[in-house]
>>> print(open('protein-v8.txt').read())   # compact mmCIF, C-alpha atoms
# COMPACT_ATOMS: atom_id res chain seq x y z
CA MET A 66 1.98 -22.32 9.11
CA LYS A 67 4.20 -25.30 9.81
CA GLU A 68 5.28 -27.04 6.63
CA GLU A 69 4.12 -30.50 7.74
CA LYS A 70 0.52 -29.28 8.08
CA GLU A 71 -1.70 -29.37 5.04
CA LYS A 72 -3.21 -26.06 4.01
CA PRO A 73 -6.98 -25.77 4.28
CA THR A 74 -8.96 -26.11 1.10
CA ALA A 75 -11.40 -23.59 -0.33
CA THR A 76 -14.99 -23.66 0.87
CA SER A 77 -17.73 -23.27 -1.73
CA ALA A 78 -20.86 -23.51 0.40
CA SER A 79 -21.93 -19.92 -0.20
CA THR A 80 -25.66 -19.45 0.22
CA SER A 81 -25.75 -15.88 -1.06
CA GLY A 82 -23.22 -15.87 -3.89
CA ASN A 83 -22.44 -12.34 -2.77
CA THR A 84 -19.54 -12.53 -0.32
CA VAL A 85 -16.12 -14.12 -0.63
CA LEU A 86 -13.37 -14.27 1.98
CA ILE A 87 -9.86 -14.15 0.52
CA VAL A 88 -7.71 -15.63 3.26
CA ASN A 89 -3.98 -15.86 3.79
CA PRO A 90 -3.67 -19.06 5.85
CA SER A 91 -0.07 -18.18 6.75
CA SER A 92 -1.10 -14.96 8.50
CA SER A 93 -0.70 -14.62 12.26
CA GLY A 94 2.31 -16.89 12.06
CA GLY A 95 0.25 -19.65 10.46
CA ALA A 96 -2.44 -19.61 13.15
CA THR A 97 -5.12 -18.55 10.66
CA GLY A 98 -4.72 -21.73 8.65
CA GLU A 99 -4.17 -24.01 11.62
CA ASN A 100 -7.35 -22.81 13.34
CA TRP A 101 -9.44 -22.23 10.22
CA ASP A 102 -12.32 -24.56 11.10
CA ASP A 103 -12.97 -22.69 14.34
CA ILE A 104 -12.45 -19.33 12.67
CA TYR A 105 -14.92 -20.15 9.89
CA THR A 106 -17.51 -21.27 12.44
CA THR A 107 -17.19 -17.86 14.12
CA ILE A 108 -17.46 -16.06 10.80
CA LYS A 109 -20.63 -17.96 9.82
CA ARG A 110 -22.20 -17.10 13.16
CA ILE A 111 -21.45 -13.39 12.86
CA PHE A 112 -22.13 -13.06 9.13
CA GLY A 113 -25.33 -15.10 9.29
CA GLU A 114 -24.41 -16.80 6.03
CA TYR A 115 -21.92 -19.21 4.48
CA PRO A 116 -19.52 -16.93 2.64
CA GLU A 117 -17.37 -18.50 -0.03
CA VAL A 118 -13.71 -18.90 0.90
CA ALA A 119 -10.60 -18.74 -1.27
CA PHE A 120 -7.10 -19.23 0.13
CA SER A 121 -4.14 -17.31 -1.26
CA LYS A 122 -1.38 -19.78 -2.03
CA LYS A 123 1.49 -17.60 -3.21
CA PRO A 124 2.52 -13.94 -3.55
CA GLY A 125 0.15 -12.07 -5.85
CA SER A 126 -2.68 -14.59 -5.62
CA GLY A 127 -4.77 -12.20 -3.51
CA THR A 128 -4.95 -9.86 -6.51
CA THR A 129 -5.79 -12.67 -8.91
CA LEU A 130 -8.51 -14.11 -6.66
CA ALA A 131 -10.15 -10.74 -6.05
CA ARG A 132 -10.27 -10.07 -9.76
CA GLU A 133 -11.76 -13.50 -10.51
CA TYR A 134 -14.52 -13.18 -7.94
CA LEU A 135 -15.39 -9.64 -9.00
CA LYS A 136 -15.77 -10.88 -12.57
CA LYS A 137 -18.10 -13.60 -11.27
CA GLY A 138 -20.33 -10.90 -9.75
CA PHE A 139 -19.38 -11.10 -6.07
CA LYS A 140 -19.99 -7.72 -4.45
CA ASN A 141 -18.38 -8.17 -1.03
CA ILE A 142 -14.68 -8.99 -1.23
CA VAL A 143 -13.28 -9.49 2.27
CA ALA A 144 -9.53 -9.82 2.88
CA ILE A 145 -8.38 -11.80 5.93
CA GLY A 146 -4.66 -11.48 6.52
CA GLY A 147 -1.92 -8.97 7.18
CA ASP A 148 -1.16 -5.68 5.43
CA GLY A 149 0.43 -7.45 2.45
CA THR A 150 -2.64 -9.60 1.81
CA ILE A 151 -4.95 -6.60 2.16
CA ASN A 152 -2.82 -4.68 -0.36
CA GLU A 153 -2.95 -7.54 -2.86
CA VAL A 154 -6.72 -7.88 -2.64
CA ALA A 155 -7.22 -4.12 -3.01
CA ASN A 156 -5.17 -4.17 -6.22
CA GLY A 157 -7.57 -6.77 -7.62
CA PHE A 158 -10.43 -4.25 -7.67
CA PHE A 159 -9.00 -2.27 -10.60
CA TYR A 160 -8.20 -2.17 -14.28
CA TYR A 161 -6.56 0.81 -15.87
CA ASP A 162 -6.82 2.48 -19.27
CA GLU A 163 -9.44 1.49 -21.81
CA ASP A 164 -8.07 -2.01 -22.44
CA LYS A 165 -9.59 -4.20 -19.73
CA GLU A 166 -6.97 -6.89 -20.20
CA LYS A 167 -4.43 -4.53 -18.68
CA THR A 168 -4.65 -4.68 -14.90
CA VAL A 169 -3.10 -2.99 -11.90
CA ASN A 170 -0.04 -4.92 -10.73
CA GLY A 171 -0.83 -7.54 -13.34
CA GLY A 172 2.69 -7.99 -14.64
CA ILE A 173 1.74 -6.60 -18.07
CA HIS A 174 3.66 -3.68 -19.52
CA ARG A 175 1.54 -0.55 -19.40
CA ARG A 176 0.42 1.06 -22.61
CA PRO A 177 0.74 4.86 -22.44
CA THR A 178 -2.49 6.73 -21.80
CA THR A 179 -3.47 8.85 -24.80
CA ALA A 180 -5.23 12.17 -25.05
CA THR A 181 -8.22 10.39 -26.59
CA THR A 182 -8.99 8.39 -23.44
CA VAL A 183 -12.48 9.38 -22.33
CA PRO A 184 -13.21 8.96 -18.61
CA THR A 185 -16.46 7.35 -17.47
CA ASN A 186 -18.31 7.67 -14.19
CA ASN A 187 -16.31 4.72 -12.89
CA ASP A 188 -12.93 6.28 -13.76
CA HIS A 189 -10.75 7.83 -11.10
CA ARG A 190 -8.56 10.76 -12.06
CA SER A 191 -7.31 13.49 -9.78
CA ASP A 192 -9.27 16.73 -10.17
CA ASP A 193 -6.28 18.67 -11.46
CA ASN A 194 -6.01 20.07 -14.95
CA ASP A 195 -2.91 18.13 -15.99
CA THR A 196 -2.21 14.78 -14.34
CA ASN A 197 0.97 14.13 -16.31
CA ASN A 198 3.19 17.07 -15.32
CA ILE A 199 4.72 15.77 -12.10
CA THR A 200 8.50 15.90 -12.64
CA ASN A 201 11.13 15.42 -15.27
CA THR A 202 10.73 11.68 -14.55
CA LYS A 203 6.93 11.83 -14.67
CA PRO A 204 5.06 8.71 -15.78
CA ASP A 205 2.05 8.76 -18.05
CA TRP A 206 -0.51 8.11 -15.35
CA PRO A 207 -3.30 5.63 -16.14
CA THR A 208 -6.95 6.01 -15.30
CA LEU A 209 -8.15 3.50 -12.71
CA ARG A 210 -11.28 1.61 -13.67
CA GLN A 211 -13.15 -0.56 -11.22
CA ILE A 212 -14.02 -4.08 -12.31
CA ASN A 213 -17.33 -3.74 -10.43
CA PRO A 214 -18.11 -0.18 -9.26
CA ASP A 215 -20.77 -1.55 -6.88
CA ALA A 216 -18.32 -3.84 -5.06
CA THR A 217 -17.33 -3.33 -1.43
CA PHE A 218 -13.99 -4.08 0.19
CA GLY A 219 -13.95 -5.60 3.67
CA ILE A 220 -10.84 -5.78 5.88
CA ILE A 221 -10.40 -8.28 8.71
CA SER A 222 -6.85 -7.95 9.99
CA SER A 223 -5.10 -11.18 10.84
CA GLY A 224 -1.46 -10.18 10.62
CA THR A 225 1.29 -9.37 13.07
CA ARG A 226 1.39 -5.58 12.59
CA ASN A 227 -2.06 -4.63 11.21
CA VAL A 228 -0.95 -1.07 10.51
CA LEU A 229 -3.64 -0.35 7.92
CA ALA A 230 -6.39 -1.39 10.33
CA LYS A 231 -5.04 1.13 12.81
CA SER A 232 -4.97 3.89 10.19
CA LEU A 233 -8.59 3.08 9.27
CA ASN A 234 -9.62 2.86 12.94
CA LEU A 235 -10.68 -0.76 12.51
CA PRO A 236 -10.70 -3.05 15.55
CA ALA A 237 -8.02 -5.64 16.26
CA GLY A 238 -8.97 -9.30 16.54
CA LEU A 239 -10.78 -11.54 14.10
CA GLU A 240 -14.14 -11.68 15.89
CA ARG A 241 -14.31 -7.92 16.40
CA GLY A 242 -13.18 -7.42 12.80
CA CYS A 243 -16.02 -9.61 11.51
CA GLN A 244 -18.56 -7.76 13.62
CA SER A 245 -17.19 -4.43 12.39
CA PHE A 246 -17.70 -5.54 8.80
CA VAL A 247 -21.29 -6.66 9.45
CA ASP A 248 -22.18 -3.45 11.33
CA GLY A 249 -20.04 -1.05 9.32
CA LYS A 250 -21.04 1.71 6.95
CA LEU A 251 -19.80 2.22 3.41
CA GLN A 252 -17.09 4.83 3.00
CA LYS A 253 -15.11 5.83 -0.06
CA ILE A 254 -11.39 6.17 0.53
CA ASP A 255 -8.47 7.38 -1.56
CA VAL A 256 -5.82 5.06 -2.92
CA ILE A 257 -2.30 5.97 -3.99
CA GLY A 258 -0.75 4.80 -7.24
CA ALA A 259 2.97 4.02 -7.33
CA ILE A 260 5.17 3.63 -10.40
CA VAL A 261 8.70 2.56 -9.47
CA THR A 262 11.84 1.28 -11.16
CA ASP A 263 12.70 -2.39 -11.58
CA PRO A 264 15.79 -3.14 -9.42
CA ASN A 265 16.90 -5.75 -11.97
CA ASP A 266 16.60 -3.40 -14.95
CA HIS A 267 17.04 0.29 -14.20
CA LEU A 268 15.55 1.24 -17.56
CA LYS A 269 12.29 -0.55 -16.86
CA LYS A 270 9.30 0.60 -14.82
CA VAL A 271 7.33 -1.86 -12.70
CA PRO A 272 3.59 -1.95 -13.59
CA MET A 273 1.64 0.45 -11.41
CA ARG A 274 0.61 -0.76 -7.97
CA ILE A 275 -1.86 0.92 -5.65
CA PHE A 276 -1.58 1.06 -1.88
CA LEU A 277 -3.86 2.11 0.93
CA ASN A 278 -1.66 3.14 3.86
CA ALA A 279 1.91 4.23 3.14
CA ALA A 280 5.03 3.89 1.03
CA GLU A 281 8.44 3.96 2.70
CA ILE A 282 11.58 4.96 0.85
CA GLY A 283 15.18 4.85 2.01
CA VAL A 284 16.38 3.43 5.31
CA ALA A 285 12.99 2.14 6.53
CA ALA A 286 12.37 0.39 3.21
CA GLU A 287 15.87 -1.10 3.32
CA ILE A 288 15.18 -2.52 6.78
CA ILE A 289 11.89 -4.03 5.59
CA ASP A 290 13.56 -5.54 2.54
CA ARG A 291 16.38 -7.10 4.56
CA SER A 292 13.97 -8.30 7.21
CA LYS A 293 11.88 -10.22 4.67
CA LYS A 294 14.99 -11.86 3.23
CA ILE A 295 16.10 -12.94 6.71
CA ARG A 296 12.60 -14.19 7.52
CA ASP A 297 12.83 -16.62 4.61
CA LYS A 298 15.43 -18.43 6.75
CA VAL A 299 14.49 -17.43 10.31
CA LYS A 300 10.73 -17.54 10.92
CA SER A 301 10.72 -14.83 13.57
CA ARG A 302 9.58 -11.28 12.83
CA PHE A 303 11.30 -9.96 15.96
CA ILE A 304 14.67 -11.54 15.14
CA SER A 305 14.50 -10.56 11.48
CA THR A 306 13.54 -6.95 12.26
CA VAL A 307 16.19 -6.43 14.93
CA SER A 308 18.86 -8.08 12.78
CA SER A 309 17.94 -5.88 9.82
CA MET A 310 18.05 -2.70 11.91
CA VAL A 311 21.46 -3.61 13.33
CA ALA A 312 22.78 -4.38 9.85
CA THR A 313 21.30 -1.30 8.18
CA MET A 314 21.22 1.76 10.43
CA PRO A 315 24.90 2.18 11.48
CA THR A 316 26.15 2.22 7.89
CA TYR A 317 23.19 3.60 5.95
CA GLN A 318 24.06 6.68 3.90
CA SER A 319 21.59 9.40 3.05
CA ASN A 320 20.97 9.96 -0.65
CA LEU A 321 20.95 13.24 -2.53
CA CYS A 322 17.49 13.26 -4.10
CA GLU A 323 15.57 15.47 -6.48
CA ILE A 324 11.96 15.64 -5.31
CA SER A 325 9.17 17.29 -7.24
CA VAL A 326 5.85 17.87 -5.48
CA TYR A 327 2.75 18.96 -7.36
CA ASN A 328 -0.72 20.14 -6.44
CA GLY A 329 -2.14 20.03 -9.95
CA GLN A 330 -3.59 23.51 -10.24
CA ASP A 331 -1.62 24.11 -13.44
CA THR A 332 1.35 22.68 -15.27
CA ASN A 333 3.80 24.97 -13.45
CA ASP A 334 2.47 24.31 -9.95
CA ASN A 335 5.48 22.23 -8.89
CA ASN A 336 7.63 22.55 -5.80
CA ASN A 337 11.09 21.20 -6.57
CA ILE A 338 13.41 20.18 -3.75
CA LEU A 339 17.02 19.01 -3.85
CA THR A 340 18.02 17.52 -0.51
CA LYS A 341 19.80 14.72 1.23
CA MET A 342 17.20 12.15 2.21
CA THR A 343 17.48 9.37 4.76
CA MET A 344 13.85 8.34 4.65
CA CYS A 345 10.64 9.42 2.94
CA ILE A 346 7.07 8.41 3.71
CA ILE A 347 4.23 8.85 1.22
CA ALA A 348 1.18 8.45 3.41
CA ASN A 349 -2.55 7.95 3.03
CA GLY A 350 -2.95 6.78 6.65
CA LYS A 351 -1.42 8.14 9.83
CA TYR A 352 0.55 5.16 11.10
CA LEU A 353 3.54 2.96 10.34
CA GLY A 354 4.73 -0.19 12.10
CA GLY A 355 6.08 0.02 15.61
CA GLY A 356 3.50 2.58 16.74
CA LEU A 357 5.02 5.36 14.63
CA THR A 358 2.61 8.24 14.02
CA ALA A 359 4.39 9.25 10.85
CA ALA A 360 1.72 11.46 9.25
CA PRO A 361 -0.46 12.93 12.02
CA GLN A 362 -2.47 15.14 9.65
CA ALA A 363 -3.23 12.39 7.14
CA SER A 364 -6.76 11.47 6.09
CA VAL A 365 -7.71 8.57 3.83
CA SER A 366 -10.40 10.67 2.14
CA ASP A 367 -8.97 14.18 1.69
CA GLY A 368 -7.64 13.68 -1.84
CA LEU A 369 -4.07 14.45 -0.80
CA LEU A 370 -0.81 12.66 -0.10
CA ASP A 371 1.05 13.38 3.12
CA ILE A 372 4.77 13.52 2.40
CA VAL A 373 7.28 13.22 5.24
CA ILE A 374 11.00 13.55 4.52
CA LEU A 375 13.69 12.79 7.10
CA LYS A 376 16.75 14.63 5.80
CA ASP A 377 20.45 13.90 6.18
CA SER A 378 21.04 12.07 9.48
CA GLY A 379 23.64 9.91 11.14
CA SER A 380 22.51 6.73 12.87
CA VAL A 381 22.26 8.22 16.39
CA LYS A 382 20.49 11.37 15.22
CA MET A 383 18.21 9.24 13.06
CA LEU A 384 17.06 7.26 16.10
CA LYS A 385 16.30 10.48 17.99
CA GLU A 386 14.24 11.84 15.10
CA LEU A 387 12.33 8.60 14.70
CA ALA A 388 11.60 8.67 18.43
CA SER A 389 10.31 12.24 18.17
CA MET A 390 8.01 11.20 15.33
CA LYS A 391 6.62 8.40 17.48
CA LYS A 392 5.70 10.86 20.23
CA MET A 393 3.87 13.31 17.98
CA LYS A 394 0.31 14.21 18.82
CA LYS A 395 -2.31 13.05 16.35
CA ASN A 396 -3.58 16.56 15.71
CA GLY A 397 -0.23 18.30 15.62
CA GLY A 398 2.71 18.75 13.31
CA TYR A 399 6.36 18.28 14.06
CA THR A 400 7.40 20.22 17.14
CA GLY A 401 10.72 21.27 18.56
CA ASP A 402 13.85 21.17 16.41
CA ASP A 403 12.26 19.95 13.19
CA LYS A 404 14.61 21.49 10.63
CA ASP A 405 15.64 18.00 9.53
CA ILE A 406 12.04 16.89 8.89
CA LEU A 407 9.90 18.16 6.02
CA TYR A 408 6.12 17.63 6.07
CA MET A 409 3.82 18.65 3.24
CA LYS A 410 0.58 17.70 1.48
CA ALA A 411 0.16 17.36 -2.27
CA LYS A 412 -1.61 15.48 -5.02
CA GLY A 413 1.50 13.86 -6.36
CA VAL A 414 5.25 13.54 -5.96
CA SER A 415 8.16 12.13 -7.95
CA MET A 416 11.72 11.55 -6.82
CA LYS A 417 15.00 10.27 -8.10
CA SER A 418 18.45 9.82 -6.66
CA LYS A 419 21.17 12.22 -7.81
CA GLU A 420 24.02 10.27 -6.24
CA GLU A 421 26.96 9.74 -8.56
CA ASN A 422 27.51 6.16 -7.38
CA LYS A 423 23.92 5.31 -8.41
CA ARG A 424 23.26 3.08 -5.40
CA ASP A 425 19.75 1.69 -5.26
CA VAL A 426 17.17 3.38 -2.99
CA THR A 427 14.51 0.85 -1.97
CA VAL A 428 10.75 1.53 -2.12
CA THR A 429 8.12 -0.43 -0.17
CA VAL A 430 4.32 -0.05 -0.13
CA ASP A 431 2.16 -1.31 2.74
CA GLY A 432 5.19 -3.17 4.06
CA GLU A 433 6.12 -4.92 0.78
CA PRO A 434 9.24 -4.10 -1.32
CA ILE A 435 8.22 -3.26 -4.90
CA GLY A 436 11.24 -1.56 -6.50
CA ILE A 437 13.66 1.36 -6.32
CA LEU A 438 13.93 5.03 -7.25
CA PRO A 439 13.15 6.80 -9.55
CA ALA A 440 9.53 6.57 -8.45
CA SER A 441 6.33 8.57 -8.72
CA PHE A 442 3.19 8.61 -6.59
CA ARG A 443 -0.23 10.18 -7.04
CA ILE A 444 -3.59 10.17 -5.34
CA TYR A 445 -6.76 8.63 -6.76
CA LYS A 446 -9.54 10.28 -4.81
CA ASN A 447 -12.50 8.22 -3.53
CA ALA A 448 -11.42 5.24 -5.65
CA LEU A 449 -12.36 2.37 -3.31
CA THR A 450 -15.50 1.65 -1.27
CA VAL A 451 -14.68 0.12 2.12
CA LYS A 452 -17.09 -1.13 4.75
CA MET A 453 -15.80 0.18 8.10
>>> encode(input="protein-v8.txt", output="structure tokens")
Amino acid sequence: MKEEKEKPTATSASTSGNTVLIVNPSSSGGATGENWDDIYTTIKRIFGEYPEVAFSKKPGSGTTLAREYLKKGFKNIVAIGGDGTINEVANGFFYYDEDKEKTVNGGIHRRPTTATTVPTNNDHRSDDNDTNNITNTKPDWPTLRQINPDATFGIISSGTRNVLAKSLNLPAGLERGCQSFVDGKLQKIDVIGAIVTDPNDHLKKVPMRIFLNAAEIGVAAEIIDRSKKIRDKVKSRFISTVSSMVATMPTYQSNLCEISVYNGQDTNDNNNILTKMTMCIIANGKYLGGGLTAAPQASVSDGLLDIVILKDSGSVKMLKELASMKKMKKNGGYTGDDKDILYMKAKGVSMKSKEENKRDVTVTVDGEPIGILPASFRIYKNALTVKM
């Protein structure tokens, strides 16, 4: 949105008290906010009601708003924005551990889960026997608790990439997205929890954050991180992305990483890998930005992570491998000369850099930088109800 234009104000003319739209007015290059009156008229026509509206004003406010409206008893929480906004709102659905003041991505240091924690019907643990034995850098994984287990998440994509919508097979366009929400059926999907390291304090872990589509680690995350920094000065996604790729790919060095993958059948059911890594994708959905079919076998409801590792690659070879990923068939694996690509499914994975120079390895989730390695990821099966 252009700075000289005033942001729209919240609408409180809800007739049902049941549905709230959490809107990023800066999405679609600011067009969402600039055209909000017309957009809201369309929404009222399709919804057949006057849903309450709350506008996100700063990073993280989507999480805060979702949490507030769930506490008020709203059952339909609908995010309107890009992948980052959708991620924030999804995080607002959850508490973790038994202390309900501690929230996912709430900026509060996490208290370790104890053996006395008793799960309830609204808790979401993986169905393994030991959720804590992931790697030598394993976190003490919390139990996700829904603020309102009867609440439904709605997604109306209004961003520039809309990758999550593609992974969930949701339609593009605001009007079609609204109609899809009205006509859709309820479906439980998995979410992935991520615990990463604070780039400003390597001894500190960032509070857990969930994501719905994919985490990117390494060169792709570095490009995203640089692109967002450039976009703070140049308001063009195309220019910022191309500039970041040109600045990153020719000089990016692969990192020697220790990766531990677990399936949770018992405490020794770990697959440990030591390899050079250029890029890693931890996927719940199939797609990444740019039309990349990164995880063709992924399902958002199978209770498993899809892990894709692009091994040691120079810049030219890296481009060729990324191109081959883009051409993969939806129902197939990696074909041809795939010795430099690892693909596996698991319930959890942890990784840390073993490089002696200790350079930072960036981690992003759903297109947003959240920290660096060491990091751990695990699945929370059927944790979120989505109307789709």
>>> residues_around(input="protein-v8.txt", residues="Asn265 of chain A", least_positions_apart="5", cutoff="12 Å", atoms="all atoms listed in the file", output="ChimeraX atom specification")
/A:270-271,425,435-437
>>> atom_distance(input="protein-v8.txt", atom1="atom CA of Asp297 of chain A", atom2="atom CA of Ser93 of chain A")
15.7 Å
>>> residues_around(input="protein-v8.txt", residues="Asp431 of chain A", least_positions_apart="6", cutoff="10 Å", atoms="all atoms listed in the file", output="JSON, numbers by chain")
{"A": [147, 148, 149, 150, 151, 152, 153, 228, 229, 275, 276, 277, 278, 279, 280, 281, 348, 353, 354]}
>>> closest_residue(input="protein-v8.txt", among="A:Ala230, A:Ile221, A:Ile212, A:Ile324", to="Ile108 of chain A", atoms="only C-alpha atoms")
A:Ile221
>>> residues_around(input="protein-v8.txt", residues="segment 259-263 of chain A", least_positions_apart="6", cutoff="12 Å", atoms="only C-alpha atoms", output="number ranges by chain")
A: 156, 169-170, 172, 174-175, 202-207, 269-277, 279-282, 347-348, 370, 413-418, 425-431, 434-445
>>> decode(input="protein-v8.txt", residues="segment 218-238 of chain A", atoms="N, CA and C atoms", output="PDB file, in the first residue's frame")
ATOM      1  N   PHE A 218     -10.253 -23.009  10.301  1.00  0.00           N
ATOM      2  CA  PHE A 218      -9.362 -22.068   9.633  1.00  0.00           C
ATOM      3  C   PHE A 218      -9.770 -21.946   8.173  1.00  0.00           C
ATOM      4  N   GLY A 219      -9.965 -20.707   7.710  1.00  0.00           N
ATOM      5  CA  GLY A 219     -10.243 -20.449   6.306  1.00  0.00           C
ATOM      6  C   GLY A 219      -9.093 -19.698   5.663  1.00  0.00           C
ATOM      7  N   ILE A 220      -8.784 -20.002   4.416  1.00  0.00           N
ATOM      8  CA  ILE A 220      -7.658 -19.393   3.708  1.00  0.00           C
ATOM      9  C   ILE A 220      -8.154 -18.777   2.408  1.00  0.00           C
ATOM     10  N   ILE A 221      -8.002 -17.459   2.294  1.00  0.00           N
ATOM     11  CA  ILE A 221      -8.304 -16.752   1.050  1.00  0.00           C
ATOM     12  C   ILE A 221      -7.018 -16.051   0.633  1.00  0.00           C
ATOM     13  N   SER A 222      -6.347 -16.594  -0.368  1.00  0.00           N
ATOM     14  CA  SER A 222      -5.028 -16.108  -0.748  1.00  0.00           C
ATOM     15  C   SER A 222      -5.123 -14.772  -1.456  1.00  0.00           C
ATOM     16  N   SER A 223      -4.308 -13.831  -0.981  1.00  0.00           N
ATOM     17  CA  SER A 223      -4.283 -12.505  -1.573  1.00  0.00           C
ATOM     18  C   SER A 223      -2.847 -11.996  -1.603  1.00  0.00           C
ATOM     19  N   GLY A 224      -1.925 -12.909  -1.908  1.00  0.00           N
ATOM     20  CA  GLY A 224      -0.517 -12.545  -1.955  1.00  0.00           C
ATOM     21  C   GLY A 224       0.003 -12.520  -3.375  1.00  0.00           C
ATOM     22  N   THR A 225       1.322 -12.530  -3.489  1.00  0.00           N
ATOM     23  CA  THR A 225       1.932 -12.528  -4.816  1.00  0.00           C
ATOM     24  C   THR A 225       2.368 -13.928  -5.256  1.00  0.00           C
ATOM     25  N   ARG A 226       2.609 -14.821  -4.303  1.00  0.00           N
ATOM     26  CA  ARG A 226       3.039 -16.178  -4.657  1.00  0.00           C
ATOM     27  C   ARG A 226       1.949 -17.208  -4.396  1.00  0.00           C
ATOM     28  N   ASN A 227       1.306 -17.139  -3.225  1.00  0.00           N
ATOM     29  CA  ASN A 227       0.190 -18.031  -2.879  1.00  0.00           C
ATOM     30  C   ASN A 227       0.566 -19.505  -3.020  1.00  0.00           C
ATOM     31  N   VAL A 228       1.731 -19.850  -2.485  1.00  0.00           N
ATOM     32  CA  VAL A 228       2.237 -21.217  -2.617  1.00  0.00           C
ATOM     33  C   VAL A 228       1.398 -22.191  -1.795  1.00  0.00           C
ATOM     34  N   LEU A 229       1.034 -21.804  -0.583  1.00  0.00           N
ATOM     35  CA  LEU A 229       0.252 -22.704   0.261  1.00  0.00           C
ATOM     36  C   LEU A 229      -1.084 -23.038  -0.383  1.00  0.00           C
ATOM     37  N   ALA A 230      -1.730 -22.051  -0.982  1.00  0.00           N
ATOM     38  CA  ALA A 230      -3.008 -22.305  -1.650  1.00  0.00           C
ATOM     39  C   ALA A 230      -2.846 -23.362  -2.737  1.00  0.00           C
ATOM     40  N   LYS A 231      -1.735 -23.301  -3.457  1.00  0.00           N
ATOM     41  CA  LYS A 231      -1.485 -24.299  -4.491  1.00  0.00           C
ATOM     42  C   LYS A 231      -1.292 -25.681  -3.882  1.00  0.00           C
ATOM     43  N   SER A 232      -0.546 -25.758  -2.783  1.00  0.00           N
ATOM     44  CA  SER A 232      -0.321 -27.048  -2.127  1.00  0.00           C
ATOM     45  C   SER A 232      -1.615 -27.634  -1.581  1.00  0.00           C
ATOM     46  N   LEU A 233      -2.564 -26.767  -1.175  1.00  0.00           N
ATOM     47  CA  LEU A 233      -3.847 -27.233  -0.648  1.00  0.00           C
ATOM     48  C   LEU A 233      -4.915 -27.344  -1.729  1.00  0.00           C
ATOM     49  N   ASN A 234      -4.533 -27.081  -2.974  1.00  0.00           N
ATOM     50  CA  ASN A 234      -5.453 -27.136  -4.110  1.00  0.00           C
ATOM     51  C   ASN A 234      -6.613 -26.161  -3.935  1.00  0.00           C
ATOM     52  N   LEU A 235      -6.300 -24.988  -3.389  1.00  0.00           N
ATOM     53  CA  LEU A 235      -7.297 -23.935  -3.247  1.00  0.00           C
ATOM     54  C   LEU A 235      -7.242 -23.013  -4.457  1.00  0.00           C
ATOM     55  N   PRO A 236      -8.345 -22.426  -4.851  1.00  0.00           N
ATOM     56  CA  PRO A 236      -8.358 -21.610  -6.066  1.00  0.00           C
ATOM     57  C   PRO A 236      -7.654 -20.265  -5.874  1.00  0.00           C
ATOM     58  N   ALA A 237      -7.138 -19.728  -6.958  1.00  0.00           N
ATOM     59  CA  ALA A 237      -6.551 -18.394  -6.942  1.00  0.00           C
ATOM     60  C   ALA A 237      -7.662 -17.362  -7.120  1.00  0.00           C
ATOM     61  N   GLY A 238      -7.418 -16.147  -6.645  1.00  0.00           N
ATOM     62  CA  GLY A 238      -8.403 -15.083  -6.802  1.00  0.00           C
ATOM     63  C   GLY A 238      -9.294 -14.955  -5.593  1.00  0.00           C
TER      64      GLY A 238
END
